[in-house]
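Q: The file below is protein-v2.cif, mmCIF, C-alpha atoms:
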```cif
data_protein
loop_
_atom_site.group_PDB
_atom_site.id
_atom_site.type_symbol
_atom_site.label_atom_id
_atom_site.label_comp_id
_atom_site.auth_asym_id
_atom_site.auth_seq_id
_atom_site.Cartn_x
_atom_site.Cartn_y
_atom_site.Cartn_z
ATOM 1 C CA MET A 1064 -6.469 -7.468 -41.106
ATOM 2 C CA LYS A 1065 -3.490 -9.828 -41.178
ATOM 3 C CA LYS A 1066 -1.932 -8.368 -44.287
ATOM 4 C CA SER A 1067 -2.175 -4.763 -43.154
ATOM 5 C CA LEU A 1068 -0.961 -5.441 -39.619
ATOM 6 C CA VAL A 1069 2.038 -7.558 -40.603
ATOM 7 C CA THR A 1070 3.002 -5.155 -43.373
ATOM 8 C CA LEU A 1071 2.936 -2.170 -41.010
ATOM 9 C CA GLY A 1072 4.976 -4.037 -38.430
ATOM 10 C CA VAL A 1073 7.608 -5.153 -40.935
ATOM 11 C CA LEU A 1074 7.894 -1.683 -42.437
ATOM 12 C CA ALA A 1075 8.229 -0.102 -39.007
ATOM 13 C CA ALA A 1076 10.911 -2.567 -37.942
ATOM 14 C CA ALA A 1077 12.802 -2.084 -41.202
ATOM 15 C CA ALA A 1078 12.602 1.679 -40.906
ATOM 16 C CA LEU A 1079 13.948 1.560 -37.372
ATOM 17 C CA ALA A 1080 16.806 -0.651 -38.456
ATOM 18 C CA LEU A 1081 17.726 1.873 -41.127
ATOM 19 C CA SER A 1082 17.071 5.145 -39.312
ATOM 20 C CA GLY A 1083 17.742 4.312 -35.663
ATOM 21 C CA CYS A 1084 21.229 2.817 -35.875
ATOM 22 C CA THR A 1085 24.291 4.957 -35.368
ATOM 23 C CA ASP A 1086 27.874 4.409 -36.447
ATOM 24 C CA SER A 1087 29.330 2.151 -33.787
ATOM 25 C CA ALA A 1088 32.803 3.443 -34.649
ATOM 26 C CA ALA A 1089 31.774 7.028 -33.945
ATOM 27 C CA ARG A 1090 32.796 7.187 -30.294
ATOM 28 C CA PRO A 1091 32.890 10.507 -28.465
ATOM 29 C CA GLU A 1092 36.154 11.988 -27.404
ATOM 30 C CA SER A 1093 36.667 12.310 -23.675
ATOM 31 C CA THR A 1094 33.863 14.259 -22.067
ATOM 32 C CA ALA A 1095 35.884 15.177 -18.995
ATOM 33 C CA GLY A 1096 36.112 18.854 -18.190
ATOM 34 C CA ALA A 1097 34.157 21.765 -19.559
ATOM 35 C CA THR A 1098 31.648 21.283 -22.329
ATOM 36 C CA GLY A 1099 32.118 22.793 -25.742
ATOM 37 C CA ASP A 1100 31.248 26.392 -26.517
ATOM 38 C CA ALA A 1101 28.426 26.432 -29.058
ATOM 39 C CA GLY A 1102 29.381 29.984 -30.030
ATOM 40 C CA SER A 1103 32.870 28.854 -31.023
ATOM 41 C CA GLY A 1104 31.508 25.918 -33.009
ATOM 42 C CA GLU A 1105 33.129 23.410 -30.655
ATOM 43 C CA LEU A 1106 30.580 20.937 -29.349
ATOM 44 C CA THR A 1107 30.954 18.130 -26.841
ATOM 45 C CA LYS A 1108 29.670 14.879 -28.293
ATOM 46 C CA VAL A 1109 27.333 13.005 -25.974
ATOM 47 C CA ARG A 1110 25.920 9.543 -26.626
ATOM 48 C CA VAL A 1111 22.381 9.013 -25.332
ATOM 49 C CA ALA A 1112 20.558 5.679 -25.465
ATOM 50 C CA ALA A 1113 16.860 5.941 -26.289
ATOM 51 C CA LEU A 1114 14.108 3.591 -27.407
ATOM 52 C CA PRO A 1115 12.885 3.864 -31.016
ATOM 53 C CA ILE A 1116 9.340 4.779 -29.945
ATOM 54 C CA ALA A 1117 7.044 7.770 -30.230
ATOM 55 C CA GLU A 1118 8.115 9.270 -26.883
ATOM 56 C CA THR A 1119 11.601 9.843 -28.285
ATOM 57 C CA GLY A 1120 10.013 12.372 -30.638
ATOM 58 C CA ALA A 1121 10.677 15.089 -28.056
ATOM 59 C CA LEU A 1122 14.415 14.363 -28.150
ATOM 60 C CA TRP A 1123 14.579 14.121 -31.939
ATOM 61 C CA ALA A 1124 12.628 17.354 -32.370
ATOM 62 C CA ALA A 1125 14.711 19.243 -29.810
ATOM 63 C CA ILE A 1126 17.906 18.150 -31.550
ATOM 64 C CA ASP A 1127 16.514 19.431 -34.856
ATOM 65 C CA GLU A 1128 15.556 22.679 -33.146
ATOM 66 C CA GLY A 1129 19.182 23.162 -32.081
ATOM 67 C CA ILE A 1130 18.465 23.261 -28.351
ATOM 68 C CA PHE A 1131 21.339 20.962 -27.397
ATOM 69 C CA GLU A 1132 23.787 22.801 -29.636
ATOM 70 C CA GLU A 1133 22.885 25.999 -27.806
ATOM 71 C CA HIS A 1134 24.188 24.286 -24.674
ATOM 72 C CA GLY A 1135 27.404 23.182 -26.363
ATOM 73 C CA LEU A 1136 26.332 19.585 -26.943
ATOM 74 C CA GLU A 1137 26.147 17.333 -29.987
ATOM 75 C CA ILE A 1138 23.756 14.478 -29.217
ATOM 76 C CA GLU A 1139 24.210 11.061 -30.793
ATOM 77 C CA VAL A 1140 21.092 8.962 -30.211
ATOM 78 C CA VAL A 1141 21.915 5.284 -29.717
ATOM 79 C CA PRO A 1142 18.910 2.947 -30.119
ATOM 80 C CA ALA A 1143 18.135 0.693 -27.155
ATOM 81 C CA GLN A 1144 15.458 -1.874 -26.398
ATOM 82 C CA GLY A 1145 14.954 -0.657 -22.842
ATOM 83 C CA GLY A 1146 16.509 1.337 -20.057
ATOM 84 C CA ALA A 1147 17.814 -1.742 -18.272
ATOM 85 C CA ASN A 1148 19.529 -2.910 -21.466
ATOM 86 C CA ALA A 1149 21.418 0.391 -21.641
ATOM 87 C CA ILE A 1150 22.885 0.179 -18.138
ATOM 88 C CA PRO A 1151 25.947 -1.945 -19.092
ATOM 89 C CA ALA A 1152 26.798 0.657 -21.749
ATOM 90 C CA LEU A 1153 26.455 3.398 -19.150
ATOM 91 C CA LEU A 1154 28.752 1.591 -16.725
ATOM 92 C CA SER A 1155 31.357 0.970 -19.429
ATOM 93 C CA GLY A 1156 31.312 4.609 -20.518
ATOM 94 C CA ASP A 1157 30.159 3.748 -24.035
ATOM 95 C CA ILE A 1158 27.238 6.123 -23.506
ATOM 96 C CA GLN A 1159 26.908 8.985 -21.069
ATOM 97 C CA PHE A 1160 23.125 9.060 -20.570
ATOM 98 C CA ALA A 1161 20.121 6.823 -21.201
ATOM 99 C CA ILE A 1162 16.446 7.570 -21.483
ATOM 100 C CA GLY A 1163 14.607 4.582 -20.094
ATOM 101 C CA GLN A 1164 12.142 3.181 -17.601
ATOM 102 C CA PRO A 1165 12.966 3.998 -13.984
ATOM 103 C CA PHE A 1166 12.870 0.314 -13.088
ATOM 104 C CA GLY A 1167 16.322 -0.334 -14.548
ATOM 105 C CA PRO A 1168 17.965 2.024 -12.034
ATOM 106 C CA ILE A 1169 15.820 0.554 -9.241
ATOM 107 C CA ARG A 1170 17.252 -2.896 -9.995
ATOM 108 C CA ALA A 1171 20.753 -1.487 -10.415
ATOM 109 C CA ASP A 1172 20.513 0.053 -6.953
ATOM 110 C CA GLN A 1173 20.108 -3.435 -5.486
ATOM 111 C CA GLN A 1174 23.568 -4.231 -6.854
ATOM 112 C CA ASP A 1175 25.163 -0.913 -5.851
ATOM 113 C CA LEU A 1176 26.040 -0.184 -9.474
ATOM 114 C CA GLY A 1177 25.985 3.566 -9.014
ATOM 115 C CA VAL A 1178 23.231 4.295 -11.523
ATOM 116 C CA VAL A 1179 21.377 7.555 -10.927
ATOM 117 C CA ILE A 1180 18.151 9.134 -12.170
ATOM 118 C CA VAL A 1181 18.984 12.794 -12.785
ATOM 119 C CA GLY A 1182 15.700 13.922 -14.282
ATOM 120 C CA ASN A 1183 12.368 12.833 -15.630
ATOM 121 C CA TYR A 1184 11.558 12.642 -19.343
ATOM 122 C CA ALA A 1185 7.893 11.746 -19.728
ATOM 123 C CA ASN A 1186 4.972 10.733 -17.537
ATOM 124 C CA SER A 1187 2.091 8.514 -18.583
ATOM 125 C CA LEU A 1188 -1.419 9.979 -18.545
ATOM 126 C CA ALA A 1189 -3.557 9.608 -15.445
ATOM 127 C CA ASP A 1190 -6.804 9.265 -17.407
ATOM 128 C CA GLY A 1191 -8.094 8.865 -20.944
ATOM 129 C CA ASP A 1192 -6.029 7.097 -23.589
ATOM 130 C CA ASP A 1193 -2.629 6.323 -22.120
ATOM 131 C CA VAL A 1194 0.695 6.070 -23.918
ATOM 132 C CA ASN A 1195 0.966 2.289 -23.646
ATOM 133 C CA ALA A 1196 -1.377 -0.658 -23.321
ATOM 134 C CA VAL A 1197 -1.591 -4.421 -23.449
ATOM 135 C CA VAL A 1198 -3.084 -5.295 -26.826
ATOM 136 C CA ALA A 1199 -4.389 -8.504 -28.377
ATOM 137 C CA LEU A 1200 -5.869 -9.543 -31.699
ATOM 138 C CA GLY A 1201 -9.603 -9.012 -32.053
ATOM 139 C CA ASP A 1202 -10.346 -12.738 -32.237
ATOM 140 C CA SER A 1203 -8.173 -13.677 -29.247
ATOM 141 C CA GLY A 1204 -10.995 -13.655 -26.698
ATOM 142 C CA ILE A 1205 -8.832 -11.487 -24.435
ATOM 143 C CA THR A 1206 -10.817 -8.426 -23.411
ATOM 144 C CA ARG A 1207 -9.942 -7.672 -19.751
ATOM 145 C CA PRO A 1208 -6.907 -7.996 -17.471
ATOM 146 C CA ALA A 1209 -8.056 -11.232 -15.830
ATOM 147 C CA ASP A 1210 -8.090 -12.858 -19.286
ATOM 148 C CA LEU A 1211 -4.298 -12.556 -19.392
ATOM 149 C CA ALA A 1212 -3.942 -15.215 -16.684
ATOM 150 C CA GLY A 1213 -2.424 -18.340 -18.189
ATOM 151 C CA LYS A 1214 -1.477 -16.482 -21.380
ATOM 152 C CA LYS A 1215 1.825 -15.605 -23.018
ATOM 153 C CA VAL A 1216 2.355 -11.834 -22.923
ATOM 154 C CA SER A 1217 5.260 -9.895 -24.383
ATOM 155 C CA VAL A 1218 7.118 -6.948 -22.884
ATOM 156 C CA ASN A 1219 10.205 -5.203 -24.235
ATOM 157 C CA THR A 1220 12.255 -5.923 -21.110
ATOM 158 C CA LEU A 1221 11.559 -8.723 -18.653
ATOM 159 C CA GLY A 1222 11.362 -7.949 -14.956
ATOM 160 C CA ALA A 1223 10.595 -4.265 -15.340
ATOM 161 C CA ALA A 1224 7.675 -1.847 -15.034
ATOM 162 C CA GLY A 1225 5.761 -3.406 -17.917
ATOM 163 C CA ASP A 1226 5.245 -6.905 -16.559
ATOM 164 C CA LEU A 1227 5.150 -5.640 -12.957
ATOM 165 C CA THR A 1228 2.191 -3.322 -13.552
ATOM 166 C CA ILE A 1229 0.489 -5.939 -15.735
ATOM 167 C CA ARG A 1230 0.693 -8.466 -12.883
ATOM 168 C CA LYS A 1231 -0.856 -5.953 -10.510
ATOM 169 C CA ALA A 1232 -3.661 -5.109 -12.968
ATOM 170 C CA VAL A 1233 -4.451 -8.796 -13.490
ATOM 171 C CA GLN A 1234 -4.478 -9.452 -9.747
ATOM 172 C CA ASP A 1235 -6.789 -6.508 -9.126
ATOM 173 C CA ASP A 1236 -9.149 -7.853 -11.798
ATOM 174 C CA GLY A 1237 -9.361 -11.255 -10.105
ATOM 175 C CA GLY A 1238 -6.848 -13.146 -12.235
ATOM 176 C CA ASP A 1239 -3.775 -15.060 -11.100
ATOM 177 C CA PRO A 1240 -0.693 -13.075 -12.181
ATOM 178 C CA ALA A 1241 1.616 -15.975 -11.347
ATOM 179 C CA THR A 1242 0.242 -17.921 -14.311
ATOM 180 C CA ILE A 1243 1.232 -15.334 -16.936
ATOM 181 C CA GLU A 1244 4.168 -16.309 -19.124
ATOM 182 C CA PHE A 1245 6.082 -13.164 -20.046
ATOM 183 C CA VAL A 1246 8.354 -13.162 -23.083
ATOM 184 C CA GLU A 1247 10.743 -10.463 -24.276
ATOM 185 C CA VAL A 1248 9.881 -8.962 -27.661
ATOM 186 C CA ALA A 1249 11.146 -5.649 -29.039
ATOM 187 C CA PHE A 1250 8.321 -3.171 -29.579
ATOM 188 C CA PRO A 1251 8.727 -2.946 -33.384
ATOM 189 C CA ASP A 1252 8.224 -6.726 -33.628
ATOM 190 C CA VAL A 1253 4.916 -6.752 -31.742
ATOM 191 C CA PRO A 1254 2.434 -6.522 -34.671
ATOM 192 C CA ALA A 1255 4.036 -9.299 -36.713
ATOM 193 C CA GLN A 1256 4.625 -11.547 -33.693
ATOM 194 C CA LEU A 1257 1.011 -11.235 -32.581
ATOM 195 C CA GLU A 1258 -0.122 -12.265 -36.051
ATOM 196 C CA ALA A 1259 2.337 -15.158 -36.037
ATOM 197 C CA GLY A 1260 0.818 -16.381 -32.779
ATOM 198 C CA THR A 1261 4.084 -16.416 -30.830
ATOM 199 C CA MET A 1262 2.287 -14.663 -27.968
ATOM 200 C CA ASP A 1263 -1.311 -14.076 -26.955
ATOM 201 C CA ALA A 1264 -1.005 -10.403 -26.035
ATOM 202 C CA ALA A 1265 1.627 -7.693 -26.001
ATOM 203 C CA TRP A 1266 2.493 -4.585 -24.021
ATOM 204 C CA ALA A 1267 3.364 -1.792 -26.435
ATOM 205 C CA PRO A 1268 3.494 1.984 -26.858
ATOM 206 C CA ASP A 1269 2.577 3.908 -29.979
ATOM 207 C CA PRO A 1270 2.945 3.586 -32.883
ATOM 208 C CA PHE A 1271 2.879 -0.192 -32.384
ATOM 209 C CA ARG A 1272 -0.085 -0.167 -30.013
ATOM 210 C CA GLY A 1273 -1.988 1.898 -32.581
ATOM 211 C CA MET A 1274 -1.098 -0.496 -35.401
ATOM 212 C CA VAL A 1275 -2.677 -3.414 -33.574
ATOM 213 C CA VAL A 1276 -5.780 -1.597 -32.346
ATOM 214 C CA GLY A 1277 -6.261 0.208 -35.648
ATOM 215 C CA ALA A 1278 -6.269 -3.095 -37.504
ATOM 216 C CA GLY A 1279 -9.103 -4.463 -35.359
ATOM 217 C CA GLY A 1280 -7.198 -5.499 -32.250
ATOM 218 C CA THR A 1281 -8.242 -4.953 -28.641
ATOM 219 C CA SER A 1282 -6.759 -2.675 -26.003
ATOM 220 C CA VAL A 1283 -6.969 -4.994 -23.004
ATOM 221 C CA VAL A 1284 -5.625 -2.785 -20.216
ATOM 222 C CA GLN A 1285 -3.532 0.330 -19.723
ATOM 223 C CA PRO A 1286 -1.414 -1.060 -16.880
ATOM 224 C CA TYR A 1287 0.154 2.199 -15.706
ATOM 225 C CA GLN A 1288 -3.241 3.868 -15.320
ATOM 226 C CA ALA A 1289 -4.642 0.751 -13.673
ATOM 227 C CA THR A 1290 -1.900 0.673 -11.032
ATOM 228 C CA ILE A 1291 0.067 3.940 -10.686
ATOM 229 C CA PRO A 1292 -1.732 6.647 -12.693
ATOM 230 C CA GLY A 1293 0.708 9.152 -14.159
ATOM 231 C CA LEU A 1294 3.730 6.895 -13.591
ATOM 232 C CA SER A 1295 6.901 8.024 -15.326
ATOM 233 C CA VAL A 1296 7.289 6.299 -18.670
ATOM 234 C CA LEU A 1297 10.912 7.297 -19.155
ATOM 235 C CA THR A 1298 13.581 8.987 -17.047
ATOM 236 C CA ASN A 1299 17.050 10.367 -17.723
ATOM 237 C CA ILE A 1300 19.712 8.085 -16.307
ATOM 238 C CA THR A 1301 23.466 8.378 -15.817
ATOM 239 C CA THR A 1302 26.093 7.148 -13.367
ATOM 240 C CA GLN A 1303 27.287 8.515 -10.053
ATOM 241 C CA ALA A 1304 30.790 8.319 -11.491
ATOM 242 C CA LEU A 1305 29.926 10.789 -14.265
ATOM 243 C CA LEU A 1306 28.210 13.067 -11.746
ATOM 244 C CA ASP A 1307 31.381 13.093 -9.639
ATOM 245 C CA GLU A 1308 33.954 13.245 -12.447
ATOM 246 C CA ASP A 1309 32.277 15.623 -14.903
ATOM 247 C CA PRO A 1310 29.590 17.654 -13.114
ATOM 248 C CA GLU A 1311 29.822 20.366 -15.799
ATOM 249 C CA LEU A 1312 28.747 17.913 -18.482
ATOM 250 C CA VAL A 1313 25.859 16.643 -16.351
ATOM 251 C CA THR A 1314 24.775 20.219 -15.675
ATOM 252 C CA ALA A 1315 24.924 21.159 -19.364
ATOM 253 C CA TYR A 1316 22.970 18.060 -20.375
ATOM 254 C CA SER A 1317 20.409 18.558 -17.613
ATOM 255 C CA GLU A 1318 19.814 22.188 -18.489
ATOM 256 C CA ALA A 1319 19.525 21.331 -22.188
ATOM 257 C CA MET A 1320 17.149 18.422 -21.594
ATOM 258 C CA ALA A 1321 14.975 20.446 -19.215
ATOM 259 C CA GLU A 1322 14.680 23.151 -21.874
ATOM 260 C CA ALA A 1323 14.078 20.549 -24.587
ATOM 261 C CA LEU A 1324 11.245 18.880 -22.724
ATOM 262 C CA ASP A 1325 9.613 22.189 -21.839
ATOM 263 C CA TRP A 1326 9.858 23.214 -25.491
ATOM 264 C CA ALA A 1327 8.478 19.846 -26.684
ATOM 265 C CA ALA A 1328 5.474 20.173 -24.361
ATOM 266 C CA GLY A 1329 4.517 23.352 -26.174
ATOM 267 C CA ASN A 1330 5.437 22.268 -29.709
ATOM 268 C CA GLU A 1331 3.396 19.137 -30.312
ATOM 269 C CA GLU A 1332 3.377 19.538 -34.090
ATOM 270 C CA ALA A 1333 7.186 19.557 -34.240
ATOM 271 C CA VAL A 1334 7.319 16.458 -32.036
ATOM 272 C CA ARG A 1335 4.862 14.618 -34.292
ATOM 273 C CA THR A 1336 6.850 15.622 -37.372
ATOM 274 C CA ALA A 1337 9.995 14.213 -35.769
ATOM 275 C CA ILE A 1338 8.155 10.978 -34.924
ATOM 276 C CA ALA A 1339 6.965 10.576 -38.517
ATOM 277 C CA THR A 1340 10.447 11.290 -39.885
ATOM 278 C CA ASN A 1341 12.452 9.087 -37.531
ATOM 279 C CA LEU A 1342 10.021 6.162 -37.345
ATOM 280 C CA LYS A 1343 9.280 6.405 -41.090
ATOM 281 C CA ILE A 1344 5.517 6.408 -40.592
ATOM 282 C CA PRO A 1345 2.903 8.541 -42.382
ATOM 283 C CA ALA A 1346 2.234 11.978 -40.948
ATOM 284 C CA GLU A 1347 -1.418 11.046 -40.442
ATOM 285 C CA ALA A 1348 -0.345 8.075 -38.320
ATOM 286 C CA ALA A 1349 1.917 10.279 -36.208
ATOM 287 C CA ALA A 1350 -0.966 12.737 -35.785
ATOM 288 C CA GLY A 1351 -3.030 10.053 -34.048
ATOM 289 C CA ILE A 1352 -0.390 9.026 -31.537
ATOM 290 C CA THR A 1353 -1.062 9.679 -27.841
ATOM 291 C CA LEU A 1354 1.793 11.743 -26.472
ATOM 292 C CA PRO A 1355 2.939 11.633 -22.835
ATOM 293 C CA THR A 1356 3.483 14.568 -20.521
ATOM 294 C CA PHE A 1357 7.026 15.705 -21.288
ATOM 295 C CA THR A 1358 8.675 17.001 -18.120
ATOM 296 C CA TRP A 1359 12.073 17.126 -16.429
ATOM 297 C CA ASP A 1360 10.441 17.294 -12.984
ATOM 298 C CA LEU A 1361 10.503 14.076 -10.976
ATOM 299 C CA ALA A 1362 8.097 15.296 -8.280
ATOM 300 C CA ASP A 1363 5.066 13.358 -9.523
ATOM 301 C CA ALA A 1364 6.871 10.537 -11.340
ATOM 302 C CA GLY A 1365 5.591 7.756 -9.037
ATOM 303 C CA ILE A 1366 9.004 6.089 -8.760
ATOM 304 C CA GLU A 1367 8.631 5.393 -5.038
ATOM 305 C CA ASP A 1368 5.242 3.766 -5.702
ATOM 306 C CA LEU A 1369 6.883 1.624 -8.378
ATOM 307 C CA GLY A 1370 9.564 0.546 -5.919
ATOM 308 C CA ALA A 1371 6.942 -0.406 -3.333
ATOM 309 C CA LEU A 1372 5.038 -2.424 -5.940
ATOM 310 C CA ALA A 1373 8.259 -4.205 -6.895
ATOM 311 C CA VAL A 1374 8.755 -5.286 -3.289
ATOM 312 C CA GLU A 1375 5.120 -6.437 -3.056
ATOM 313 C CA PHE A 1376 5.594 -8.732 -6.053
ATOM 314 C CA ALA A 1377 9.082 -9.848 -4.951
ATOM 315 C CA TYR A 1378 10.854 -8.268 -7.927
ATOM 316 C CA ILE A 1379 13.338 -6.795 -5.447
ATOM 317 C CA ASP A 1380 14.075 -7.573 -1.813
ATOM 318 C CA ALA A 1381 13.864 -4.023 -0.507
ATOM 319 C CA GLU A 1382 13.130 -0.557 -1.775
ATOM 320 C CA PRO A 1383 16.166 1.418 -2.951
ATOM 321 C CA ASP A 1384 17.781 4.352 -1.208
ATOM 322 C CA TYR A 1385 15.790 6.990 -3.065
ATOM 323 C CA ASP A 1386 18.056 9.810 -1.847
ATOM 324 C CA SER A 1387 20.991 8.346 -3.761
ATOM 325 C CA LEU A 1388 18.980 6.866 -6.644
ATOM 326 C CA ILE A 1389 17.019 10.025 -7.482
ATOM 327 C CA GLN A 1390 19.198 13.121 -7.795
ATOM 328 C CA GLN A 1391 17.118 15.747 -9.570
ATOM 329 C CA GLN A 1392 19.446 18.133 -11.408
#
```
Could I get this structure in the form of C-alpha cells?
A:
Amino acid sequence: MKKSLVTLGVLAAAALALSGCTDSAARPESTAGATGDAGSGELTKVRVAALPIAETGALWAAIDEGIFEEHGLEIEVVPAQGGANAIPALLSGDIQFAIGQPFGPIRADQQDLGVVIVGNYANSLADGDDVNAVVALGDSGITRPADLAGKKVSVNTLGAAGDLTIRKAVQDDGGDPATIEFVEVAFPDVPAQLEAGTMDAAWAPDPFRGMVVGAGGTSVVQPYQATIPGLSVLTNITTQALLDEDPELVTAYSEAMAEALDWAAGNEEAVRTAIATNLKIPAEAAAGITLPTFTWDLADAGIEDLGALAVEFAYIDAEPDYDSLIQQQ
C-alpha cells in the first residue's frame, strides 16, 4: 500500500508542477474596453486562477472545445491552492477571475475588499459519493467524524469551508471540534503526507481522495453532505472594480463560462479526458472520478447557509451583505 500510494502522490504532484504552471511573464494586455472579436482573430487574454483538481476539468475541456474563443476570449489558467489564496492576485489585477471556494469572498467581505461572486461553477452532490471527503489510512483507527477529535487534519486552505464543515460534522457526531488541529497541505501532497505521518487525516477531492481510498484508506466523512448537502464547491469570483470598469469583459466571461459549464454537464467524457490530460493520470483513473454538478446558477449554492455556519463557529463576526457579495451575471 505504501509504495503505490506515495508513488501516485509524487507523480501527481510532479505532473501538476509541469502541466499546471503558466509563464509568469505572460501578462495580459489591458482588458479595459470591448473584448476581442473572435471572428477577426483578435482575442482578449484573461487570466483565471483555478485549483489543479478534477473539477477544473470542465474549464480545461471547454477551452479545448473553443467555447471561450467563440466569445472573444483567450483563457490563461493560473494554478492556485485555493480561492482565498487567489484574492490578493485579483485585487492587484494580476488575474481577472478566480474559480474557488465561496468562503474566500465571504471573508473578504468582512474587510470590504470588494470581492464579488458573479456565478457558480460546481455544486457538491447531495447524496451518494460526494466530490470531496476526509480520508485516513486504513490502519489509522479513524472511521467516523468523532474520531477526528484530537487529531491533526489537513485542508488546502485554513479557515475556509473545508475545516468549517469538518468541525460541524465532528460536533454533530459527538466529538469536540475545538480539539482538532488543522494544518494546511496542498491537495497533491495529501497521499505522500498521509504516508509520512505528518497528519492523521486529510480533506481532499479527486483524484487525491481516490488515491488514498483506492490504496486501502478510509473515507471518514463527506463534510459537505454531512452539513450543507449540495453546497457549492467552487464559484467564479472577480472584483467590484472590474465589474464597474470593464462590464463588457465581465459579461463576455460570464456568458462564456455559463455556456462552458452547461456544455461540460452534457459532455462528461470530454471533461474526463481533459482531467486525465491535465493532471497526467491514466484514463481509467479519470473514469472513476466523481464529478460535481457543473452549473453557473447560484440559486441552490448554499452560500448563505455557509455564512451562517461561519458565524456559528466564530469564523466571522457577522454574515456578509449577500446583495453585494453575490451578483449573479
Q: At most 8 Å is the cut-off: for each residue in segment 1175-1210 of chain A with any atom that close to an atom of segment 1302-1313 of chain A, write down the nearest atom pair and the distance in Å rounded to one decimal, counting all atoms listed in the file, chain first then increasing number, as a tab-separated table.
A:
```
residue	atom	partner	partner_atom	distance
A:Gly1177	CA	A:Gln1303	CA	5.2
A:Val1178	CA	A:Thr1302	CA	4.4
A:Val1179	CA	A:Thr1302	CA	5.3
```
Q: Taking only C-alpha atoms into account, which of A:Ile1130, A:Leu1372, A:Leu1122, A:Val1253 comes nearest Ala1232 of chain A?
A: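 Checking each candidate against Ala1232 of chain A, we get A:Leu1372 as the closest.
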Q: Find the distance between atom CA of Glu1375 of chain A and atom CA of Leu1154 of chain A and write it in Å to one decimal.
A: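 Between atom CA of Glu1375 of chain A and atom CA of Leu1154 of chain A the gap is 28.5 Å.
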Q: Which is closer to Val1197 of chain A than all the others in A:Val1140, A:Ala1241, A:Ala1171, A:Val1283, using only C-alpha atoms?
A: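 With only C-alpha atoms as the atom set, the closest residue is A:Val1283.
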Q: List the spatial neighbours of Ala1121 of chain A as a PyMOL selection string - criterion: any atom at most 7 Å away, only C-alpha atoms, same-chain residues fewer than 6 positions off excluded.
A: chain A and resi 1324+1327+1334
Q: Which residues, written as a PDB file with C-alpha atoms, in the coordinates of the input, have at least one atom at most 10 Å from Val1181 of chain A, with all atoms listed in the file counted and residues fewer than 4 positions away on the same chain left out?
A:
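Okay, selection_14.pdb is ready:
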```
ATOM      1  CA  PHE A1160      23.125   9.060 -20.570  1.00  0.00           C
ATOM      2  CA  THR A1298      13.581   8.987 -17.047  1.00  0.00           C
ATOM      3  CA  ASN A1299      17.050  10.367 -17.723  1.00  0.00           C
ATOM      4  CA  ILE A1300      19.712   8.085 -16.307  1.00  0.00           C
ATOM      5  CA  THR A1301      23.466   8.378 -15.817  1.00  0.00           C
ATOM      6  CA  THR A1302      26.093   7.148 -13.367  1.00  0.00           C
ATOM      7  CA  GLN A1303      27.287   8.515 -10.053  1.00  0.00           C
ATOM      8  CA  LEU A1306      28.210  13.067 -11.746  1.00  0.00           C
ATOM      9  CA  VAL A1313      25.859  16.643 -16.351  1.00  0.00           C
ATOM     10  CA  THR A1314      24.775  20.219 -15.675  1.00  0.00           C
ATOM     11  CA  SER A1317      20.409  18.558 -17.613  1.00  0.00           C
ATOM     12  CA  TRP A1359      12.073  17.126 -16.429  1.00  0.00           C
ATOM     13  CA  ASP A1360      10.441  17.294 -12.984  1.00  0.00           C
ATOM     14  CA  LEU A1361      10.503  14.076 -10.976  1.00  0.00           C
ATOM     15  CA  LEU A1388      18.980   6.866  -6.644  1.00  0.00           C
ATOM     16  CA  ILE A1389      17.019  10.025  -7.482  1.00  0.00           C
ATOM     17  CA  GLN A1390      19.198  13.121  -7.795  1.00  0.00           C
ATOM     18  CA  GLN A1391      17.118  15.747  -9.570  1.00  0.00           C
ATOM     19  CA  GLN A1392      19.446  18.133 -11.408  1.00  0.00           C
TER      20      GLN A1392
END
```
Q: Of the residues A:Ala1259, A:Ala1328, A:Ile1158, A:Ala1377, which is the one nearest to Val1111 of chain A, using all atoms listed in the file?
A: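 That would be A:Ile1158, the residue with the smallest distance to Val1111 of chain A.
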Q: If the PyMOL selection byres ((chain A and resi 1172) around 12) is run on the structure shown, which residues does it catch, given as a PyMOL selection string?
A: chain A and resi 1147+1150+1165-1171+1173-1180+1302-1303+1370+1379-1389
Q: What's around Val1284 of chain A at 7 Å? Count all atoms listed in the file, leave out sequence neighbours fewer than 5 positions away in its own chain, and write the answer as a short mmCIF file (atom, residue, chain, number, x, y, z; two decimals) with C-alpha atoms, in the coordinates of the input.
A:
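Result went into out.cif, see below:
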```cif
data_model
loop_
_atom_site.label_atom_id
_atom_site.label_comp_id
_atom_site.auth_asym_id
_atom_site.auth_seq_id
_atom_site.Cartn_x
_atom_site.Cartn_y
_atom_site.Cartn_z
CA ALA A 1196 -1.38 -0.66 -23.32
CA VAL A 1197 -1.59 -4.42 -23.45
CA ARG A 1207 -9.94 -7.67 -19.75
CA PRO A 1208 -6.91 -8.00 -17.47
#
```
Q: The PyMOL selection byres ((chain A and resi 1225) around 12) - which residues does that actually catch in the file I just gave you? List them as a VMD selection string.
A: chain A and resid 1145 to 1146 1164 to 1167 1195 to 1197 1216 to 1224 1226 to 1232 1245 to 1248 1250 1265 to 1268 1284 to 1291 1294 to 1297 1369 1373
